[in-house]
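Shown next: target-v2.cif, given as mmCIF, C-alpha atoms.
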data_data
loop_
_atom_site.label_atom_id
_atom_site.label_comp_id
_atom_site.auth_asym_id
_atom_site.auth_seq_id
_atom_site.Cartn_x
_atom_site.Cartn_y
_atom_site.Cartn_z
CA MET B 1 -6.63 -8.83 -20.86
CA ASP B 2 -5.39 -9.64 -24.36
CA ARG B 3 -6.84 -8.30 -27.59
CA ASN B 4 -8.97 -11.36 -28.37
CA ALA B 5 -10.52 -11.38 -24.91
CA PHE B 6 -11.26 -7.66 -25.17
CA HIS B 7 -13.09 -8.06 -28.47
CA THR B 8 -15.09 -10.95 -27.03
CA LEU B 9 -16.09 -8.78 -24.08
CA VAL B 10 -17.14 -5.99 -26.44
CA LEU B 11 -19.44 -8.40 -28.27
CA LEU B 12 -20.95 -9.68 -25.03
CA THR B 13 -21.61 -6.19 -23.69
CA LYS B 14 -23.29 -5.27 -26.96
CA ASP B 15 -25.32 -8.46 -27.47
CA ILE B 16 -26.33 -9.13 -23.86
CA GLY B 17 -25.42 -5.99 -21.93
CA ARG B 18 -27.05 -3.71 -24.53
CA LEU B 19 -24.05 -1.42 -24.80
CA THR B 20 -24.43 0.69 -27.94
CA ASP B 21 -22.28 2.85 -30.17
CA SER B 22 -23.00 6.54 -30.02
CA LYS B 23 -22.50 9.15 -32.71
CA SER B 24 -19.08 10.11 -31.47
CA MET B 25 -17.92 7.03 -29.57
CA SER B 26 -17.84 3.31 -30.33
CA SER B 27 -18.63 0.60 -27.80
CA SER B 28 -15.00 -0.51 -27.98
CA GLU B 29 -13.76 2.94 -26.95
CA LYS B 30 -16.29 3.13 -24.13
CA LEU B 31 -15.21 -0.25 -22.78
CA ALA B 32 -11.52 0.62 -23.13
CA MET B 33 -12.03 3.75 -21.02
CA PHE B 34 -14.04 1.79 -18.48
CA LEU B 35 -11.38 -0.89 -18.07
CA ASN B 36 -8.66 1.76 -17.87
CA ILE B 37 -10.47 3.43 -14.98
CA LEU B 38 -10.95 0.14 -13.13
CA ALA B 39 -7.42 -1.17 -13.69
CA HIS B 40 -5.49 2.02 -12.91
CA HIS B 41 -8.01 4.00 -10.86
CA GLU B 42 -7.70 6.82 -13.37
CA LYS B 43 -9.60 10.00 -12.63
CA ASN B 44 -12.14 11.44 -15.02
CA ARG B 45 -9.91 14.40 -15.84
CA SER B 46 -7.04 12.09 -16.85
CA ILE B 47 -9.23 9.93 -19.07
CA LYS B 48 -10.77 12.89 -20.86
CA VAL B 49 -7.28 14.12 -21.75
CA ASP B 50 -6.03 10.70 -22.86
CA TYR B 51 -9.08 10.00 -25.02
CA ILE B 52 -9.78 13.63 -26.01
CA ARG B 53 -13.34 13.49 -24.68
CA SER B 54 -15.40 15.71 -22.45
CA GLY B 55 -15.79 14.86 -18.79
CA TRP B 56 -19.51 14.28 -19.35
CA SER B 57 -18.80 11.79 -22.16
CA VAL B 58 -16.36 9.87 -19.99
CA SER B 59 -18.82 9.70 -17.10
CA GLN B 60 -21.66 8.65 -19.38
CA ALA B 61 -19.57 5.92 -21.01
CA PHE B 62 -18.46 4.61 -17.60
CA ASN B 63 -22.04 4.27 -16.35
CA GLU B 64 -23.18 2.61 -19.57
CA CYS B 65 -20.36 0.05 -19.39
CA LEU B 66 -20.97 -0.61 -15.70
CA SER B 67 -24.63 -1.41 -16.37
CA ALA B 68 -23.70 -3.58 -19.36
CA ILE B 69 -21.19 -5.63 -17.36
CA LEU B 70 -23.66 -6.23 -14.53
CA LYS B 71 -26.18 -7.56 -17.05
CA LEU B 72 -23.65 -10.36 -17.73
CA THR B 73 -23.93 -11.65 -14.15
CA PRO B 74 -25.83 -14.88 -15.02
CA LEU B 75 -23.25 -15.61 -17.70
CA LEU B 76 -20.06 -14.79 -15.82
CA LEU B 77 -20.74 -15.98 -12.27
CA VAL B 78 -19.52 -19.58 -12.14
CA ASP B 79 -21.70 -22.48 -11.01
CA PRO B 80 -19.47 -24.37 -8.52
CA LYS B 81 -18.80 -28.08 -8.91
CA PRO B 82 -18.31 -30.19 -5.77
CA VAL B 83 -15.23 -32.27 -5.05
CA LEU B 84 -16.03 -35.81 -6.17
CA GLU B 85 -15.44 -39.10 -4.38
CA ASP B 86 -12.65 -40.07 -6.79
CA GLU B 87 -10.71 -36.81 -6.38
CA ILE B 88 -6.96 -37.47 -6.38
CA GLU B 89 -5.52 -33.98 -5.86
CA ASP B 90 -3.97 -34.06 -2.41
CA ARG B 91 -5.24 -30.60 -1.46
CA TRP B 92 -8.88 -31.46 -2.09
CA LYS B 93 -9.31 -35.23 -1.80
CA TRP B 94 -10.20 -34.97 1.90
CA PHE B 95 -13.05 -32.55 1.30
CA LYS B 96 -15.62 -34.54 -0.67
CA GLY B 97 -18.63 -32.42 -1.61
CA CYS B 98 -16.78 -29.14 -1.03
CA LEU B 99 -17.69 -26.33 -3.44
CA GLY B 100 -14.78 -24.00 -2.69
CA ALA B 101 -14.12 -21.36 -0.05
CA LEU B 102 -15.46 -18.05 1.21
CA ASP B 103 -14.28 -15.08 3.24
CA GLY B 104 -14.79 -11.37 3.71
CA ILE B 105 -12.57 -8.64 2.32
CA TYR B 106 -12.46 -4.93 3.11
CA ILE B 107 -12.65 -2.50 0.19
CA GLN B 108 -11.98 1.13 1.09
CA ILE B 109 -14.71 3.63 0.20
CA ARG B 110 -15.69 7.22 0.94
CA VAL B 111 -18.87 7.88 2.91
CA PRO B 112 -20.47 10.98 4.46
CA SER B 113 -19.10 11.87 7.89
CA GLN B 114 -22.25 10.76 9.73
CA TYR B 115 -21.87 7.21 8.36
CA LYS B 116 -18.17 6.77 9.05
CA PRO B 117 -18.59 5.00 12.43
CA ARG B 118 -20.64 2.26 10.75
CA TYR B 119 -18.06 1.74 8.03
CA ARG B 120 -15.01 1.89 10.28
CA THR B 121 -13.17 -1.43 10.50
CA ARG B 122 -11.25 -2.76 13.49
CA LYS B 123 -8.10 -1.25 11.94
CA GLY B 124 -9.73 2.16 11.67
CA GLU B 125 -10.20 2.14 7.88
CA ILE B 126 -13.44 3.30 6.24
CA ALA B 127 -14.47 0.32 4.14
CA THR B 128 -17.23 -1.96 3.00
CA ASN B 129 -17.16 -5.61 4.05
CA VAL B 130 -17.51 -7.74 0.90
CA LEU B 131 -18.37 -11.43 1.06
CA GLY B 132 -16.56 -13.34 -1.68
CA VAL B 133 -17.18 -16.99 -2.55
CA CYS B 134 -14.98 -18.85 -5.04
CA ASP B 135 -14.51 -22.32 -6.50
CA ARG B 136 -11.29 -24.34 -6.65
CA ASN B 137 -10.25 -22.59 -9.87
CA LEU B 138 -10.23 -19.07 -8.36
CA ASN B 139 -13.51 -18.05 -10.00
CA PHE B 140 -16.14 -16.12 -8.10
CA THR B 141 -19.39 -18.00 -7.59
CA TYR B 142 -21.09 -15.40 -5.41
CA VAL B 143 -20.32 -11.83 -4.29
CA LEU B 144 -22.16 -9.67 -1.77
CA PRO B 145 -20.82 -6.09 -1.47
CA GLY B 146 -22.37 -3.32 0.57
CA TRP B 147 -22.14 -4.27 4.22
CA GLU B 148 -20.53 -1.73 6.56
CA GLY B 149 -16.93 -2.34 7.60
CA SER B 150 -17.98 -2.73 11.23
CA ALA B 151 -20.18 -5.74 10.41
CA ALA B 152 -18.87 -9.15 11.48
CA ASP B 153 -18.14 -11.66 8.71
CA ASP B 154 -20.59 -14.16 10.19
CA ARG B 155 -23.38 -11.59 10.10
CA VAL B 156 -22.73 -10.83 6.43
CA LEU B 157 -22.82 -14.56 5.63
CA ARG B 158 -26.14 -15.00 7.42
CA ASP B 159 -27.59 -12.20 5.32
CA ALA B 160 -26.27 -13.77 2.11
CA VAL B 161 -27.87 -17.14 2.90
CA ALA B 162 -31.19 -15.61 3.96
CA ARG B 163 -31.62 -13.54 0.79
CA ARG B 164 -34.13 -14.77 -1.78
CA ASN B 165 -31.51 -14.72 -4.53
CA GLY B 166 -28.58 -15.14 -2.19
CA LEU B 167 -25.95 -17.80 -1.62
CA LYS B 168 -27.41 -21.26 -2.33
CA ILE B 169 -25.79 -24.41 -0.98
CA HIS B 170 -27.24 -27.87 -1.49
CA GLU B 171 -27.68 -29.98 1.63
CA ASP B 172 -24.81 -32.32 0.68
CA ASN B 173 -22.31 -29.57 -0.09
CA TYR B 174 -20.34 -26.97 1.83
CA TYR B 175 -17.72 -24.23 1.66
CA LEU B 176 -14.48 -23.91 3.63
CA CYS B 177 -14.29 -20.83 5.84
CA ASP B 178 -11.97 -19.53 8.54
CA GLY B 179 -12.51 -19.43 12.30
CA GLY B 180 -14.52 -16.22 12.09
CA TYR B 181 -17.49 -18.22 10.87
CA THR B 182 -19.75 -20.71 12.59
CA ASN B 183 -18.95 -24.38 12.00
CA GLY B 184 -22.36 -25.54 10.85
CA LYS B 185 -24.15 -27.23 7.99
CA GLY B 186 -22.80 -25.90 4.71
CA PHE B 187 -19.77 -24.18 6.27
CA LEU B 188 -16.70 -26.08 7.47
CA SER B 189 -14.44 -24.01 9.71
CA PRO B 190 -11.17 -25.02 11.44
CA TYR B 191 -10.67 -25.99 15.07
CA ARG B 192 -10.21 -22.96 17.27
CA GLY B 193 -7.33 -22.94 19.73
CA TYR B 194 -5.02 -24.85 17.38
CA ARG B 195 -2.49 -23.68 14.82
CA TYR B 196 -4.16 -22.80 11.56
CA TRP B 197 -2.63 -20.19 9.24
CA LEU B 198 -0.25 -21.37 6.50
CA LYS B 199 2.71 -19.51 8.04
CA ASP B 200 2.23 -21.67 11.15
CA TRP B 201 3.39 -24.70 9.16
CA GLN B 202 6.30 -23.14 7.28
CA GLY B 203 10.01 -22.93 8.04
CA ASP B 204 11.15 -24.52 11.27
CA ASN B 205 7.66 -24.84 12.73
CA PRO B 206 6.84 -28.40 13.83
CA LEU B 207 4.55 -30.70 11.85
CA PRO B 208 0.99 -31.33 13.09
CA ARG B 209 1.03 -33.06 16.47
CA CYS B 210 -2.63 -34.09 16.69
CA LYS B 211 -5.64 -34.69 14.46
CA GLU B 212 -6.95 -31.17 15.05
CA GLU B 213 -3.71 -29.59 13.83
CA LEU B 214 -3.53 -31.91 10.84
CA PHE B 215 -7.11 -31.03 9.91
CA ASN B 216 -6.38 -27.32 10.29
CA MET B 217 -3.27 -27.53 8.10
CA ARG B 218 -5.12 -29.28 5.27
CA HIS B 219 -8.11 -27.01 5.69
CA ALA B 220 -5.88 -23.91 5.44
CA ARG B 221 -4.13 -25.18 2.32
CA ALA B 222 -7.44 -25.78 0.55
CA ARG B 223 -9.16 -22.63 1.84
CA ASN B 224 -6.23 -20.55 0.56
CA VAL B 225 -7.98 -20.39 -2.84
CA ILE B 226 -10.14 -17.52 -1.58
CA GLU B 227 -7.05 -15.59 -0.42
CA ARG B 228 -5.45 -16.09 -3.83
CA THR B 229 -8.67 -15.03 -5.57
CA PHE B 230 -8.84 -11.84 -3.53
CA GLY B 231 -5.15 -11.24 -4.26
CA LEU B 232 -5.77 -11.51 -7.99
CA LEU B 233 -8.82 -9.28 -7.75
CA LYS B 234 -7.02 -6.43 -5.99
CA GLY B 235 -3.90 -6.94 -8.06
CA ARG B 236 -5.90 -6.58 -11.26
CA TRP B 237 -8.12 -3.61 -10.33
CA GLY B 238 -6.46 -0.52 -8.90
CA ILE B 239 -9.85 1.00 -8.11
CA LEU B 240 -10.23 -1.60 -5.34
CA ARG B 241 -6.91 -0.77 -3.70
CA SER B 242 -7.84 2.75 -2.54
CA SER B 243 -10.98 4.73 -1.89
CA SER B 244 -12.66 6.60 -4.74
CA TRP B 245 -15.12 9.47 -5.04
CA TYR B 246 -17.95 7.29 -6.30
CA SER B 247 -21.03 6.97 -4.12
CA VAL B 248 -21.40 3.87 -1.94
CA LYS B 249 -24.07 2.48 -4.25
CA VAL B 250 -21.97 2.93 -7.38
CA HIS B 251 -18.84 1.61 -5.66
CA ASN B 252 -20.67 -1.57 -4.68
CA ARG B 253 -21.69 -2.04 -8.32
CA ILE B 254 -18.06 -1.48 -9.34
CA ILE B 255 -16.93 -4.22 -6.95
CA SER B 256 -19.40 -6.66 -8.49
CA ALA B 257 -18.31 -5.69 -12.00
CA CYS B 258 -14.64 -6.24 -11.14
CA CYS B 259 -15.44 -9.75 -9.89
CA LEU B 260 -17.37 -10.55 -13.07
CA ILE B 261 -14.59 -9.34 -15.38
CA HIS B 262 -12.09 -11.31 -13.25
CA ASN B 263 -14.09 -14.45 -14.07
CA PHE B 264 -14.27 -13.48 -17.73
CA ILE B 265 -10.50 -13.07 -18.00
CA ARG B 266 -9.85 -16.43 -16.38
CA ARG B 267 -12.34 -18.06 -18.74
CA GLU B 268 -11.16 -16.45 -21.97
CA MET B 269 -7.39 -16.35 -21.47
CA GLU B 270 -5.44 -19.59 -21.46
CA VAL B 271 -3.07 -18.19 -18.84
CA ASP B 272 -4.02 -15.52 -16.34
CA PRO B 273 -1.00 -13.17 -16.43
CA LEU B 274 -1.41 -12.26 -12.77
CA ASP B 275 -1.25 -15.92 -11.75
CA ILE B 276 2.42 -15.96 -12.64
CA ASP B 277 3.14 -13.38 -9.95
CA MET B 278 0.89 -14.91 -7.32
CA GLU B 279 2.13 -17.31 -4.70
CA GLU B 280 0.06 -20.36 -3.89
CA GLN B 281 -2.66 -18.43 -2.97
CA MET B 282 -34.21 -25.81 -12.51
CA GLU B 283 -35.02 -29.41 -13.79
CA TYR B 284 -34.43 -30.67 -10.29
CA GLN B 285 -34.95 -28.55 -7.21
CA HIS B 286 -32.36 -29.31 -4.54
CA GLU B 287 -32.92 -28.58 -0.89
CA ASN B 288 -30.74 -25.61 0.01
CA ILE B 289 -29.29 -24.48 3.32
CA ASP B 290 -31.17 -21.34 4.36
CA ILE B 291 -29.82 -20.69 7.85
CA VAL B 292 -26.35 -20.46 9.37
CA GLU B 293 -26.09 -21.97 12.84
CA SER B 294 -23.79 -24.25 14.81
CA SER B 295 -24.58 -27.94 14.60
CA GLN B 296 -23.52 -30.87 16.77
CA GLU B 297 -23.98 -33.12 13.76
CA TRP B 298 -21.59 -30.96 11.76
CA THR B 299 -19.07 -30.83 14.62
CA THR B 300 -19.16 -34.63 14.89
CA TRP B 301 -18.60 -34.96 11.15
CA ARG B 302 -15.62 -32.63 11.36
CA ASP B 303 -14.16 -34.74 14.18
CA GLU B 304 -14.61 -37.91 12.11
CA LEU B 305 -12.98 -36.26 9.09
CA ALA B 306 -10.04 -35.08 11.20
CA GLN B 307 -9.64 -38.56 12.68
CA SER B 308 -9.64 -40.17 9.22
CA MET B 309 -6.87 -37.76 8.16
CA TRP B 310 -4.87 -38.62 11.26
CA ASN B 311 -5.34 -42.35 10.78
CA ALA B 312 -4.26 -42.15 7.13
CA ARG B 313 -1.15 -40.21 8.14
CA SER B 314 -0.29 -42.73 10.84
CA ASN B 315 -0.58 -45.63 8.39
CA ASN B 316 1.84 -44.06 5.89
#
Starting from the file, give its structure as structure tokens.
Amino acid sequence: MDRNAFHTLVLLTKDIGRLTDSKSMSSSEKLAMFLNILAHHEKNRSIKVDYIRSGWSVSQAFNECLSAILKLTPLLLVDPKPVLEDEIEDRWKWFKGCLGALDGIYIQIRVPSQYKPRYRTRKGEIATNVLGVCDRNLNFTYVLPGWEGSAADDRVLRDAVARRNGLKIHEDNYYLCDGGYTNGKGFLSPYRGYRYWLKDWQGDNPLPRCKEELFNMRHARARNVIERTFGLLKGRWGILRSSSWYSVKVHNRIISACCLIHNFIRREMEVDPLDIDMEEQMEYQHENIDIVESSQEWTTWRDELAQSMWNARSNN
């Protein structure tokens, strides 16, 4: 984050987040400490030495900044825009009405011993399963932290859609998701049993040999935005790369705050410095999708879309 972006964030946290100066510490210093902890996973004892503050002051400033950032949620979460009919970008032109992509990501946390089985992932890590939803420009549009690491991605998504203030998707729109999710209205997943992942199409691997493989290849290339977004998120915030001593509740709030500041940086800075190192990774009430289930209608539409891709390839 450059100096101009930092000062803008200070103003926002003061004007909207209600962050205030104290007798001995300015809002700017509080926010600087907060960002330092998030970016480098600095411990309280290190920060109090660097800033010549008491441990209590550091902890108090951190909690104040965390609350202030979360108050910016309506401002910093991006409202996704669907792919339009006249889209010309090759990666997205096949997915008219698409809002972006979604997936789950594991963030390591510390929990009491009696809760560890619930938070243990298939790889044996103790983590929370976070649902992340992003648009084509690598901005988060929705985040749901807090589910146990043992929870299946599809279950977390169902919870997000069912929540009163959860993930909202208009009837004509959808997100791209991987094979771990149900292919149903609002969620377009790849064909199972066919090559899918980007590495399957690289090097000496053969080109798509049927419409299902062609669909999967184009789906994977577009859906890769969520992988790149997660890569930027973890690359930017060291506190998300290893477990911390914060409680589960506080850690979930930290995850949300990191996603919000990620969006802020991408909005305020002309060039996201981490992007350079990343590989191509109420006026009108719409009807929203409020249940996640398989759909024959959706499966038929996917087949028609895959066939249109195959036909266009054959004609070239």
The PyMOL selection byres ((chain B and resi 187-203) around 7) applied to the shown file, residues as a list in words: Tyr174, Tyr175, Leu176, Cys177, Asp178, Gly179, Tyr181, Thr182, Asn183, Gly184, Lys185, Gly186, Asp204, Asn205, Pro206, Leu207, Glu212, Glu213, Asn216, Met217, His219, Ala220 and Arg221 of chain B
Output of the PyMOL selection byres ((chain B and resi 97) around 6), listed as a compact mmCIF listing (two decimals) with C-alpha atoms, in the frame of the given file:
# COMPACT_ATOMS: atom_id res chain seq x y z
CA PRO B 82 -18.31 -30.19 -5.77
CA VAL B 83 -15.23 -32.27 -5.05
CA LYS B 96 -15.62 -34.54 -0.67
CA CYS B 98 -16.78 -29.14 -1.03
CA ASN B 173 -22.31 -29.57 -0.09
Explicit residues for the PyMOL selection byres ((chain B and resi 69) around 8) (as a list of chain:residue names):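 The output of the PyMOL selection byres ((chain B and resi 69) around 8) on this file is B:Thr13, B:Gly17, B:Cys65, B:Leu66, B:Ser67, B:Ala68, B:Leu70, B:Lys71, B:Leu72, B:Thr73, B:Ala257, B:Leu260, B:Ile261.
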For Met269 of chain B, the nearest of the candidates B:Leu144, B:Ala5, B:Leu77, B:Ile109, counting all atoms listed in the file: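 Looking at the shortest contact to Met269 of chain B, the residue is B:Ala5.
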Between atom CA of Leu76 of chain B and atom CA of Ile16 of chain B - distance in Å to one decimal: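 Straight-line distance from atom CA of Ile16 of chain B to atom CA of Leu76 of chain B works out to 11.7 Å.
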Residue nearest Asp135 of chain B - candidates B:His170, B:Lys123, B:Ile226, B:Asp103, atoms counted: all atoms listed in the file: B:Ile226
